[in-house]
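Student: Can you keep this structure in mind? I'll have questions shortly.
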Amino acid sequence: MSNSKFEKGWKSEEKEPFGKMVRETVRGPQPMRPQIQKATQQLSSEITRLDQAMGRLKQREGSIFKKTVTAVQAHDQESSKAYSNELAEVRKMEKIVTQSRIALEQINTRLQTVTEIGDFASTIAPAIGVIKNVRATLGEAMPDAQGTLGEIGAQLNSIMVDVGQITGTTFYQAENSEEANRILAEASAVAEKRMADSLPEVPSTGQSIYTSE
């Protein structure tokens with residue numbers, strides 16, 4: 001059964017007893033609820049770590065930015081080029097961290113509601129895809145985050161398997177599902193705008209470091 005067909009069936013009146021069974025399973029003594037809570041707690045911790053990483057990147061960016069401006073104003077082309085390249089790399093890392101944080105925050109919010117609505121197929125499946133993508137993207141900026149994100153992804157996969165065994169239903173989760181791609185695209189767009197709004201440009205020769213024009 002495709003994910004779209006499952007979602008249509010989920011909303012139909014005929015499938016309501018199944019939806020009720022899944023909700024009761026999550027709320028009851030089965031292991032799904034604590035597993036979901038563990039996953040959301042781990043995601044919250046990763047989001048905090050991303051915030052801390054962004055703070056360090058911002059400090060580094062500010063330092064390199066000042067050096068770049070000083071080199072430009074001193075007509076030191078070699079140094080200004082080197083600093084500009086370093087600044088571009090730091091800003092690239094900032095964008096990766098920003099869009100990763102936004103994506104993880106979105107799926108974390110959704111996962112925190114899944115214990116109430118039991119909407120596994122349309123919540124956990126794309127979450128798995130988003131986590132896998134973020135894990136790969138963060139490989140360059142925060143390689144130490146890969147282990148935890150891999151653990152969270154495995155935890156969500158386990159939840160899907162457990163629910164399938166209890167309900168007798170097979171869940172299919174595409175790693176690059178339409179919903180996962182939409183979440184990632186939105187996160188990228190928001191990160192792009194935030195970066196454009198917050199990053200100062202290196203001024204031309206002779207301008208003050210505090211000049212915005």
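Labeling convention for the structure tokens: chains A, B, ... as they appear, residues from 1 per chain, ligands from 1 in order of appearance.
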Could you give me, as a list in words, the residues within 9 Å of Gln35 of chain A, counting only C-alpha atoms and dropping anything in the same chain fewer than 3 positions from it?
Tutor: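 Once the nearby chain positions are removed, what remains is Pro31, Met32, Lys38, Ala39, Thr40, Gln155, Leu156, Ser158 and Ile159 of chain A.
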Student: Those residues you just picked out, can you put them in a file as a CSV table (one decimal), in the first residue's frame with C-alpha atoms?
Tutor:
```csv
chain,number,residue,atom,x,y,z
A,31,PRO,CA,6.7,0.6,24.5
A,32,MET,CA,5.8,3.1,21.7
A,38,LYS,CA,12.9,9.4,24.1
A,39,ALA,CA,13.2,10.4,20.4
A,40,THR,CA,11.8,13.8,21.0
A,155,GLN,CA,14.4,4.5,17.2
A,156,LEU,CA,11.7,5.8,14.9
A,158,SER,CA,11.7,0.5,15.5
A,159,ILE,CA,8.5,2.3,16.5
```
Student: Name all residues at most 6 Å from segment 56-70 of chain A (count only C-alpha atoms; drop same-chain ones fewer than 3 positions away) and give them as an MDAnalysis selection string.
Tutor: chainID A and resid 53 73 80 83
Student: Output the selection as a compact mmCIF listing (two decimals), in the first residue's frame - N, CA and C atoms for each residue.
Tutor:
```txt
# COMPACT_ATOMS: atom_id res chain seq x y z
N ALA A 53 26.38 25.39 18.57
CA ALA A 53 27.30 25.42 17.43
C ALA A 53 27.15 26.71 16.64
N GLN A 73 40.45 47.33 3.51
CA GLN A 73 40.74 48.75 3.67
C GLN A 73 42.23 49.04 3.57
N SER A 80 42.90 39.72 2.03
CA SER A 80 41.45 39.91 1.93
C SER A 80 40.79 38.75 1.19
N TYR A 83 40.80 35.76 3.67
CA TYR A 83 39.79 35.94 4.71
C TYR A 83 38.38 35.83 4.14
```
Student: Would you please work out which residue, of A:Ile131, A:Ala196, A:Ala189, A:Leu138, is nearest to Val97 of chain A when using only C-alpha atoms?
Tutor: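 That would be A:Leu138, the residue with the smallest distance to Val97 of chain A.
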Student: Please provide the set of residues having any atom within 12 Å of Ile47 of chain A, restricted to only C-alpha atoms, with same-chain residues fewer than 3 positions apart removed, written as a PyMOL selection string.
Tutor: chain A and resi 40-44+50-54+97-109+134+145+148-149
Student: Using atom CA of Lys132 of chain A and atom CA of Thr48 of chain A as the two end points, give the distance in Å to one decimal.
Tutor: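 Atom-to-atom, atom CA of Lys132 of chain A to atom CA of Thr48 of chain A, that is 18.6 Å.
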Student: Which value, in Å to one decimal, gives the distance between atom CA of Arg194 of chain A and atom CA of Glu178 of chain A?
Tutor: 24.3 Å
Student: Which residue is closest to Pro200 of chain A? Choose from A:Lys81, A:His75, A:Arg49, A:Arg91 and count only C-alpha atoms.
Tutor: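 Residue with the minimum atom-to-atom distance to Pro200 of chain A: A:Arg91.
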Student: Quick one, how far is atom CA of Val190 of chain A from atom CA of Ile96 of chain A?
Tutor: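 These two atoms are separated by 11.6 Å.
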Student: With only C-alpha atoms as the atoms that count, which of A:Glu201, A:Ile36, A:Gly150, A:Thr123 lies nearest to Ala136 of chain A?
Tutor: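 The closest residue to Ala136 of chain A is A:Gly150.
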